[in-house]
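What follows is the content of structure19.csv, which has CSV, C-alpha atoms:
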chain,number,residue,atom,x,y,z
A,1,MET,CA,0.0,0.0,0.0
A,2,GLY,CA,1.6,3.3,-1.1
A,3,THR,CA,1.6,6.5,0.9
A,4,LEU,CA,-1.0,8.4,-1.0
A,5,HIS,CA,-3.3,5.4,-1.5
A,6,GLY,CA,-3.0,4.3,2.1
A,7,ALA,CA,-4.0,7.7,3.4
A,8,ALA,CA,-6.8,7.9,0.9
A,9,VAL,CA,-8.2,4.5,1.8
A,10,MET,CA,-8.4,5.5,5.5
A,11,GLY,CA,-9.9,8.9,4.7
A,12,TYR,CA,-6.9,11.0,5.8
A,13,GLU,CA,-4.9,13.6,4.1
A,14,PRO,CA,-1.6,12.3,2.9
A,15,PRO,CA,1.5,13.1,4.9
A,16,PRO,CA,3.3,16.4,3.9
A,17,SER,CA,6.4,16.2,1.8
A,18,ALA,CA,9.7,16.0,3.7
A,19,ALA,CA,11.7,17.0,0.6
A,20,ALA,CA,9.7,20.2,0.2
A,21,LEU,CA,10.8,21.1,3.7
A,22,GLY,CA,14.5,20.3,3.1
A,23,TYR,CA,14.5,16.9,5.0
A,24,GLY,CA,14.9,13.3,4.0
A,25,TYR,CA,11.9,11.6,5.7
A,26,MET,CA,8.5,12.3,7.2
A,27,ALA,CA,7.1,10.6,10.3
A,28,THR,CA,3.9,10.5,12.3
A,29,THR,CA,4.5,11.1,16.0
A,30,THR,CA,3.1,10.1,19.4
A,31,ARG,CA,4.3,10.5,22.9
A,32,TYR,CA,4.7,7.8,25.6
A,33,GLY,CA,6.9,9.1,28.4
A,34,THR,CA,10.3,8.1,29.6
A,35,ASN,CA,11.4,4.6,30.5
A,36,PRO,CA,14.2,3.7,32.9
A,37,PHE,CA,15.1,0.6,30.9
A,38,THR,CA,14.2,0.6,27.2
A,39,ALA,CA,14.6,-2.0,24.5
A,40,CYS,CA,17.8,-0.1,23.6
A,41,ASP,CA,19.2,-0.8,27.0
A,42,MET,CA,19.0,2.9,28.1
A,43,ASP,CA,17.2,5.2,30.4
A,44,SER,CA,15.4,7.5,27.9
A,45,GLY,CA,15.1,10.3,30.4
A,46,ALA,CA,18.6,10.3,31.8
A,47,LEU,CA,20.1,9.9,28.2
A,48,VAL,CA,19.0,13.4,27.2
A,49,GLU,CA,19.0,15.2,30.5
A,50,ASP,CA,20.7,18.6,30.2
A,51,THR,CA,21.1,18.2,26.4
A,52,ASP,CA,19.2,19.7,23.5
A,53,TYR,CA,18.1,16.2,22.4
A,54,LEU,CA,14.7,14.6,22.6
A,55,SER,CA,14.6,10.8,23.0
A,56,VAL,CA,12.3,8.8,20.8
A,57,ALA,CA,11.3,5.2,20.0
A,58,SER,CA,11.5,4.5,16.3
A,59,ALA,CA,9.1,2.3,14.5
A,60,GLN,CA,10.0,-1.4,14.2
A,61,ALA,CA,10.4,-1.0,10.4
A,62,MET,CA,13.2,1.6,11.0
A,63,GLN,CA,15.2,-0.9,13.2
A,64,ASP,CA,14.1,-4.4,12.2
A,65,LEU,CA,17.4,-6.2,12.6
A,66,PHE,CA,17.6,-7.8,16.1
A,67,PRO,CA,20.0,-10.2,17.8
A,68,GLY,CA,17.5,-13.0,17.0
A,69,GLY,CA,17.5,-12.1,13.3
A,70,LEU,CA,15.7,-9.9,10.7
A,71,GLY,CA,12.2,-8.9,12.0
A,72,ALA,CA,12.7,-10.9,15.2
A,73,CYS,CA,10.8,-8.4,17.4
A,74,GLU,CA,8.6,-10.5,19.7
A,75,PRO,CA,7.5,-10.0,23.3
A,76,GLY,CA,10.6,-10.1,25.5
A,77,HIS,CA,13.0,-10.3,22.6
A,78,CYS,CA,12.6,-7.0,20.8
A,79,ARG,CA,15.9,-5.5,22.0
A,80,CYS,CA,19.0,-3.7,20.6
A,81,GLY,CA,17.4,-3.1,17.2
A,82,LYS,CA,19.6,-2.0,14.2
A,83,ALA,CA,18.5,-0.7,10.9
A,84,GLY,CA,18.1,-3.7,8.6
A,85,PRO,CA,18.0,-4.2,4.8
A,86,GLY,CA,15.5,-2.0,3.0
A,87,THR,CA,16.0,1.1,5.1
A,88,GLY,CA,18.1,4.1,4.4
A,89,PRO,CA,18.9,6.4,1.5
A,90,ASP,CA,17.2,4.3,-1.2
A,91,SER,CA,14.1,3.6,0.9
A,92,PRO,CA,11.2,5.7,2.2
A,93,THR,CA,11.9,4.1,5.5
A,94,ALA,CA,14.7,5.8,7.5
A,95,ALA,CA,17.5,3.8,9.1
A,96,MET,CA,17.1,4.7,12.7
A,97,GLY,CA,18.3,1.9,15.0
A,98,CYS,CA,19.2,2.1,18.7
A,99,GLY,CA,21.6,4.9,19.5
A,100,THR,CA,21.2,6.8,16.2
A,101,CYS,CA,20.4,10.5,15.9
A,102,GLY,CA,18.6,12.9,13.6
A,103,LYS,CA,17.4,16.5,13.4
A,104,GLY,CA,14.1,17.9,12.2
A,105,ARG,CA,11.1,20.0,12.9
A,106,PHE,CA,7.4,19.5,13.6
A,107,VAL,CA,5.0,20.3,10.8
A,108,ARG,CA,1.7,22.0,11.3
A,109,GLN,CA,-0.4,19.1,10.2
A,110,LEU,CA,-2.1,16.3,12.2
A,111,PRO,CA,-2.7,12.8,10.8
A,112,ARG,CA,-6.3,13.0,11.8
A,113,PRO,CA,-8.5,16.0,10.7
A,114,TYR,CA,-8.5,17.8,14.1
A,115,THR,CA,-8.3,21.6,14.5
A,116,ILE,CA,-4.9,22.9,15.1
A,117,TRP,CA,-4.9,25.9,17.5
A,118,MET,CA,-1.2,26.7,17.3
A,119,PRO,CA,-0.3,29.5,15.0
A,120,GLU,CA,2.1,28.9,12.1
A,121,ASP,CA,4.8,30.9,13.8
A,122,ALA,CA,4.7,28.9,17.1
A,123,GLU,CA,8.1,27.9,18.3
A,124,ILE,CA,7.4,24.2,17.8
A,125,PHE,CA,7.0,24.7,14.1
A,126,THR,CA,10.0,27.0,13.6
A,127,LYS,CA,12.6,25.4,15.9
A,128,GLU,CA,14.8,22.5,14.7
A,129,TYR,CA,15.1,19.6,17.2
A,130,ASN,CA,17.7,17.0,17.7
A,131,ILE,CA,16.4,13.4,18.3
A,132,VAL,CA,18.1,10.2,19.5
A,133,VAL,CA,16.7,6.7,19.3
A,134,ALA,CA,16.4,5.2,22.8
A,135,ASP,CA,13.7,2.6,22.3
A,136,VAL,CA,11.6,0.7,19.7
A,137,CYS,CA,7.9,1.0,18.8
A,138,PRO,CA,7.0,-2.7,18.2
A,139,ALA,CA,4.3,-3.4,15.7
A,140,TRP,CA,2.9,-6.3,17.6
A,141,GLU,CA,1.6,-4.2,20.5
A,142,SER,CA,-2.1,-3.4,19.8
A,143,GLN,CA,-1.8,0.4,20.6
A,144,ASN,CA,1.1,0.7,18.2
A,145,LYS,CA,-0.6,-1.0,15.2
A,146,PRO,CA,-2.1,2.1,13.6
A,147,TRP,CA,1.2,4.0,14.0
A,148,CYS,CA,4.3,1.8,13.7
A,149,PRO,CA,5.0,-0.1,10.5
A,150,ALA,CA,6.7,-3.5,11.0
A,151,THR,CA,8.8,-3.8,7.8
A,152,PRO,CA,10.7,-1.3,5.6
A,153,SER,CA,8.6,0.4,2.9
A,154,GLU,CA,5.4,-0.5,4.7
A,155,THR,CA,3.1,2.4,5.6
A,156,ASN,CA,1.0,3.0,8.7
A,157,SER,CA,-2.7,3.8,8.9
A,158,PHE,CA,-2.0,7.4,8.0
A,159,GLY,CA,0.2,6.7,4.9
A,160,ALA,CA,3.5,7.4,6.6
A,161,HIS,CA,6.5,5.0,6.3
A,162,ASN,CA,8.1,6.3,9.5
A,163,HIS,CA,6.9,6.8,13.1
A,164,LEU,CA,8.6,8.4,16.1
A,165,ASP,CA,7.2,7.9,19.6
A,166,PHE,CA,8.6,10.7,21.7
A,167,ALA,CA,9.7,10.0,25.3
A,168,ILE,CA,10.1,13.7,25.9
A,169,VAL,CA,8.2,16.4,23.9
A,170,PRO,CA,8.6,20.1,23.6
A,171,PRO,CA,5.9,22.6,24.8
A,172,GLN,CA,2.9,23.0,22.5
A,173,TYR,CA,3.3,19.4,21.3
A,174,ASP,CA,0.4,17.5,19.6
A,175,ASN,CA,0.6,14.6,17.2
A,176,PHE,CA,2.2,16.7,14.5
A,177,TYR,CA,4.1,15.2,11.7
A,178,PHE,CA,7.9,15.4,12.0
A,179,ALA,CA,10.2,16.0,9.0
A,180,PHE,CA,13.7,14.8,9.7
A,181,THR,CA,17.1,13.7,8.4
A,182,PRO,CA,19.4,11.2,10.2
A,183,THR,CA,22.6,12.8,11.5
A,184,GLU,CA,25.7,11.8,13.4
A,185,CYS,CA,25.2,12.1,17.2
A,186,SER,CA,27.1,14.7,19.1
A,187,PRO,CA,30.3,13.6,20.9
A,188,GLU,CA,28.5,14.0,24.2
A,189,MET,CA,25.6,11.9,23.1
A,190,LYS,CA,27.9,9.2,21.8
A,191,ALA,CA,29.6,9.1,25.1
A,192,ARG,CA,26.3,8.8,27.0
A,193,ILE,CA,25.1,6.0,24.8
A,194,ALA,CA,28.4,4.1,25.2
A,195,ARG,CA,28.2,4.4,29.0
A,196,MET,CA,24.6,3.5,29.3
A,197,SER,CA,23.9,0.8,26.7
A,198,ASN,CA,25.4,-2.5,25.5
A,199,CYS,CA,23.5,-2.0,22.2
A,200,HIS,CA,25.4,-0.5,19.3
A,201,PRO,CA,24.1,1.6,16.4

In C-alpha coordinates, what does this structure look like?
Amino acid sequence: MGTLHGAAVMGYEPPPSAAALGYGYMATTTRYGTNPFTACDMDSGALVEDTDYLSVASAQAMQDLFPGGLGACEPGHCRCGKAGPGTGPDSPTAAMGCGTCGKGRFVRQLPRPYTIWMPEDAEIFTKEYNIVVADVCPAWESQNKPWCPATPSETNSFGAHNHLDFAIVPPQYDNFYFAFTPTECSPEMKARIARMSNCHP
(Lines of atoms letter the chains of each structure in order from A and count residues from 1; the text may use other names and numbers.)
(Lines give C-alpha, C1' and ligand atoms only; values in the text may rest on other atoms or scores of the structure.)
Protein backbone atom coordinates (compact mmCIF):
# COMPACT_ATOMS: atom_id res chain seq x y z
CA MET A 1 0.00 0.00 0.00
CA GLY A 2 1.64 3.27 -1.09
CA THR A 3 1.58 6.45 0.92
CA LEU A 4 -1.04 8.38 -1.01
CA HIS A 5 -3.25 5.35 -1.53
CA GLY A 6 -2.99 4.27 2.10
CA ALA A 7 -4.00 7.68 3.37
CA ALA A 8 -6.84 7.92 0.87
CA VAL A 9 -8.25 4.53 1.84
CA MET A 10 -8.35 5.55 5.52
CA GLY A 11 -9.91 8.92 4.65
CA TYR A 12 -6.95 11.00 5.85
CA GLU A 13 -4.90 13.63 4.08
CA PRO A 14 -1.57 12.25 2.85
CA PRO A 15 1.54 13.12 4.86
CA PRO A 16 3.32 16.35 3.94
CA SER A 17 6.45 16.21 1.77
CA ALA A 18 9.72 16.00 3.69
CA ALA A 19 11.71 16.99 0.62
CA ALA A 20 9.71 20.19 0.22
CA LEU A 21 10.82 21.14 3.74
CA GLY A 22 14.46 20.27 3.15
CA TYR A 23 14.52 16.93 4.99
CA GLY A 24 14.91 13.30 4.01
CA TYR A 25 11.94 11.65 5.74
CA MET A 26 8.50 12.30 7.19
CA ALA A 27 7.10 10.61 10.30
CA THR A 28 3.91 10.52 12.27
CA THR A 29 4.47 11.10 15.99
CA THR A 30 3.06 10.11 19.37
CA ARG A 31 4.33 10.45 22.94
CA TYR A 32 4.68 7.77 25.58
CA GLY A 33 6.86 9.14 28.39
CA THR A 34 10.29 8.11 29.65
CA ASN A 35 11.35 4.57 30.48
CA PRO A 36 14.24 3.71 32.87
CA PHE A 37 15.11 0.55 30.92
CA THR A 38 14.25 0.58 27.24
CA ALA A 39 14.61 -1.96 24.46
CA CYS A 40 17.82 -0.11 23.55
CA ASP A 41 19.22 -0.77 27.05
CA MET A 42 18.96 2.88 28.07
CA ASP A 43 17.17 5.23 30.44
CA SER A 44 15.40 7.46 27.92
CA GLY A 45 15.09 10.32 30.39
CA ALA A 46 18.64 10.28 31.76
CA LEU A 47 20.05 9.88 28.25
CA VAL A 48 19.00 13.36 27.19
CA GLU A 49 19.02 15.19 30.54
CA ASP A 50 20.66 18.63 30.22
CA THR A 51 21.10 18.25 26.45
CA ASP A 52 19.21 19.66 23.46
CA TYR A 53 18.10 16.17 22.37
CA LEU A 54 14.66 14.59 22.56
CA SER A 55 14.62 10.82 23.04
CA VAL A 56 12.34 8.76 20.82
CA ALA A 57 11.29 5.21 20.02
CA SER A 58 11.48 4.52 16.30
CA ALA A 59 9.05 2.25 14.48
CA GLN A 60 10.03 -1.40 14.20
CA ALA A 61 10.41 -0.96 10.44
CA MET A 62 13.18 1.58 11.05
CA GLN A 63 15.19 -0.86 13.20
CA ASP A 64 14.09 -4.37 12.22
CA LEU A 65 17.39 -6.23 12.63
CA PHE A 66 17.58 -7.78 16.09
CA PRO A 67 19.96 -10.22 17.80
CA GLY A 68 17.48 -12.98 16.95
CA GLY A 69 17.50 -12.06 13.26
CA LEU A 70 15.69 -9.88 10.75
CA GLY A 71 12.23 -8.92 12.02
CA ALA A 72 12.73 -10.92 15.24
CA CYS A 73 10.81 -8.45 17.37
CA GLU A 74 8.62 -10.50 19.68
CA PRO A 75 7.49 -9.96 23.28
CA GLY A 76 10.56 -10.15 25.50
CA HIS A 77 12.99 -10.33 22.56
CA CYS A 78 12.58 -6.96 20.83
CA ARG A 79 15.87 -5.46 22.00
CA CYS A 80 18.95 -3.74 20.58
CA GLY A 81 17.42 -3.12 17.15
CA LYS A 82 19.57 -1.97 14.24
CA ALA A 83 18.48 -0.66 10.86
CA GLY A 84 18.09 -3.65 8.58
CA PRO A 85 18.04 -4.17 4.80
CA GLY A 86 15.50 -2.03 3.01
CA THR A 87 16.04 1.07 5.15
CA GLY A 88 18.14 4.12 4.40
CA PRO A 89 18.86 6.44 1.47
CA ASP A 90 17.21 4.31 -1.23
CA SER A 91 14.10 3.61 0.85
CA PRO A 92 11.20 5.71 2.15
CA THR A 93 11.93 4.09 5.53
CA ALA A 94 14.68 5.81 7.50
CA ALA A 95 17.51 3.78 9.05
CA MET A 96 17.11 4.66 12.73
CA GLY A 97 18.27 1.87 15.05
CA CYS A 98 19.21 2.10 18.71
CA GLY A 99 21.60 4.93 19.46
CA THR A 100 21.20 6.77 16.16
CA CYS A 101 20.40 10.46 15.90
CA GLY A 102 18.61 12.89 13.63
CA LYS A 103 17.42 16.45 13.36
CA GLY A 104 14.14 17.86 12.18
CA ARG A 105 11.12 19.96 12.90
CA PHE A 106 7.45 19.52 13.59
CA VAL A 107 5.04 20.26 10.76
CA ARG A 108 1.73 22.01 11.30
CA GLN A 109 -0.39 19.06 10.19
CA LEU A 110 -2.05 16.29 12.16
CA PRO A 111 -2.69 12.77 10.82
CA ARG A 112 -6.35 13.03 11.80
CA PRO A 113 -8.53 15.97 10.72
CA TYR A 114 -8.52 17.80 14.05
CA THR A 115 -8.33 21.55 14.50
CA ILE A 116 -4.85 22.95 15.12
CA TRP A 117 -4.93 25.89 17.48
CA MET A 118 -1.23 26.69 17.35
CA PRO A 119 -0.30 29.54 14.97
CA GLU A 120 2.11 28.88 12.12
CA ASP A 121 4.84 30.92 13.84
CA ALA A 122 4.67 28.94 17.11
CA GLU A 123 8.13 27.86 18.26
CA ILE A 124 7.36 24.17 17.83
CA PHE A 125 7.00 24.73 14.06
CA THR A 126 10.00 27.01 13.63
CA LYS A 127 12.61 25.37 15.87
CA GLU A 128 14.82 22.49 14.69
CA TYR A 129 15.06 19.63 17.19
CA ASN A 130 17.71 16.96 17.72
CA ILE A 131 16.45 13.43 18.34
CA VAL A 132 18.11 10.22 19.54
CA VAL A 133 16.65 6.70 19.31
CA ALA A 134 16.42 5.17 22.78
CA ASP A 135 13.66 2.60 22.26
CA VAL A 136 11.59 0.70 19.69
CA CYS A 137 7.91 0.97 18.80
CA PRO A 138 7.04 -2.73 18.24
CA ALA A 139 4.33 -3.36 15.67
CA TRP A 140 2.86 -6.30 17.57
CA GLU A 141 1.58 -4.16 20.46
CA SER A 142 -2.09 -3.36 19.83
CA GLN A 143 -1.82 0.36 20.62
CA ASN A 144 1.06 0.69 18.16
CA LYS A 145 -0.56 -1.02 15.17
CA PRO A 146 -2.08 2.14 13.63
CA TRP A 147 1.23 3.98 13.96
CA CYS A 148 4.31 1.77 13.74
CA PRO A 149 5.03 -0.14 10.51
CA ALA A 150 6.67 -3.54 10.99
CA THR A 151 8.79 -3.79 7.84
CA PRO A 152 10.66 -1.32 5.60
CA SER A 153 8.59 0.37 2.86
CA GLU A 154 5.36 -0.49 4.70
CA THR A 155 3.08 2.43 5.58
CA ASN A 156 1.02 2.98 8.71
CA SER A 157 -2.70 3.79 8.86
CA PHE A 158 -1.95 7.41 7.97
CA GLY A 159 0.17 6.68 4.90
CA ALA A 160 3.53 7.36 6.57
CA HIS A 161 6.53 5.02 6.28
CA ASN A 162 8.11 6.27 9.52
CA HIS A 163 6.92 6.81 13.06
CA LEU A 164 8.59 8.36 16.10
CA ASP A 165 7.18 7.86 19.60
CA PHE A 166 8.58 10.68 21.72
CA ALA A 167 9.67 10.00 25.29
CA ILE A 168 10.06 13.73 25.86
CA VAL A 169 8.18 16.37 23.90
CA PRO A 170 8.58 20.14 23.61
CA PRO A 171 5.94 22.61 24.81
CA GLN A 172 2.90 22.96 22.53
CA TYR A 173 3.26 19.38 21.28
CA ASP A 174 0.38 17.53 19.64
CA ASN A 175 0.57 14.56 17.24
CA PHE A 176 2.16 16.72 14.55
CA TYR A 177 4.10 15.24 11.66
CA PHE A 178 7.87 15.45 12.01
CA ALA A 179 10.19 16.04 9.05
CA PHE A 180 13.70 14.78 9.75
CA THR A 181 17.07 13.67 8.44
CA PRO A 182 19.38 11.16 10.18
CA THR A 183 22.58 12.79 11.45
CA GLU A 184 25.65 11.82 13.43
CA CYS A 185 25.17 12.05 17.18
CA SER A 186 27.14 14.69 19.06
CA PRO A 187 30.31 13.56 20.89
CA GLU A 188 28.52 14.02 24.22
CA MET A 189 25.56 11.91 23.11
CA LYS A 190 27.86 9.19 21.76
CA ALA A 191 29.63 9.07 25.11
CA ARG A 192 26.34 8.82 27.00
CA ILE A 193 25.12 6.01 24.76
CA ALA A 194 28.40 4.11 25.21
CA ARG A 195 28.22 4.44 29.01
CA MET A 196 24.57 3.50 29.27
CA SER A 197 23.95 0.79 26.69
CA ASN A 198 25.42 -2.45 25.45
CA CYS A 199 23.52 -2.04 22.20
CA HIS A 200 25.38 -0.45 19.31
CA PRO A 201 24.05 1.62 16.38

- Mind giving me the straight-line distance from atom CA of A:Met189 to atom CA of A:Phe176 in Å, one decimal?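 Separation between atom CA of A:Met189 and atom CA of A:Phe176: 25.4 Å.
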
Per residue of stretch 131-153 of chain A within 10 Å of stretch 64-68 of chain A, record the nearest atom pair and its distance in Å to one decimal, counting all atoms listed in the file, with rows in chain order and ascending residue number, as a tab-separated table.
residue	atom	partner	partner_atom	distance
A:Val136	CA	A:Asp64	CA	9.4
A:Pro138	CA	A:Asp64	CA	9.4
A:Ala150	CA	A:Asp64	CA	7.6
A:Thr151	CA	A:Asp64	CA	6.9
A:Pro152	CA	A:Asp64	CA	8.0

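Comparing the minimum interatomic distances between A:Cys98 and each of A:Asn156, A:Thr181, A:Thr38, A:Ser186, counting all atoms listed in the file, we find that A:Thr38 sits nearest.
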
- Message: Between A:Thr87, A:Thr29, A:Thr34, A:Asn144, which residue has the minimum interatomic distance to A:Pro182, considering all atoms listed in the file?
- Response: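 The answer is A:Thr87, which sits nearest to A:Pro182.
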
- Find the residue from A:Ala179, A:Ile193, A:Gly97, A:Trp117 that sits nearest to A:Gly22; use only C-alpha atoms when measuring.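 Of A:Ala179, A:Ile193, A:Gly97, A:Trp117, the one nearest A:Gly22 is A:Ala179, counting only C-alpha atoms.
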
- Here atom CA of A:Glu123 and atom CA of A:His163 stand apart by 21.8 Å
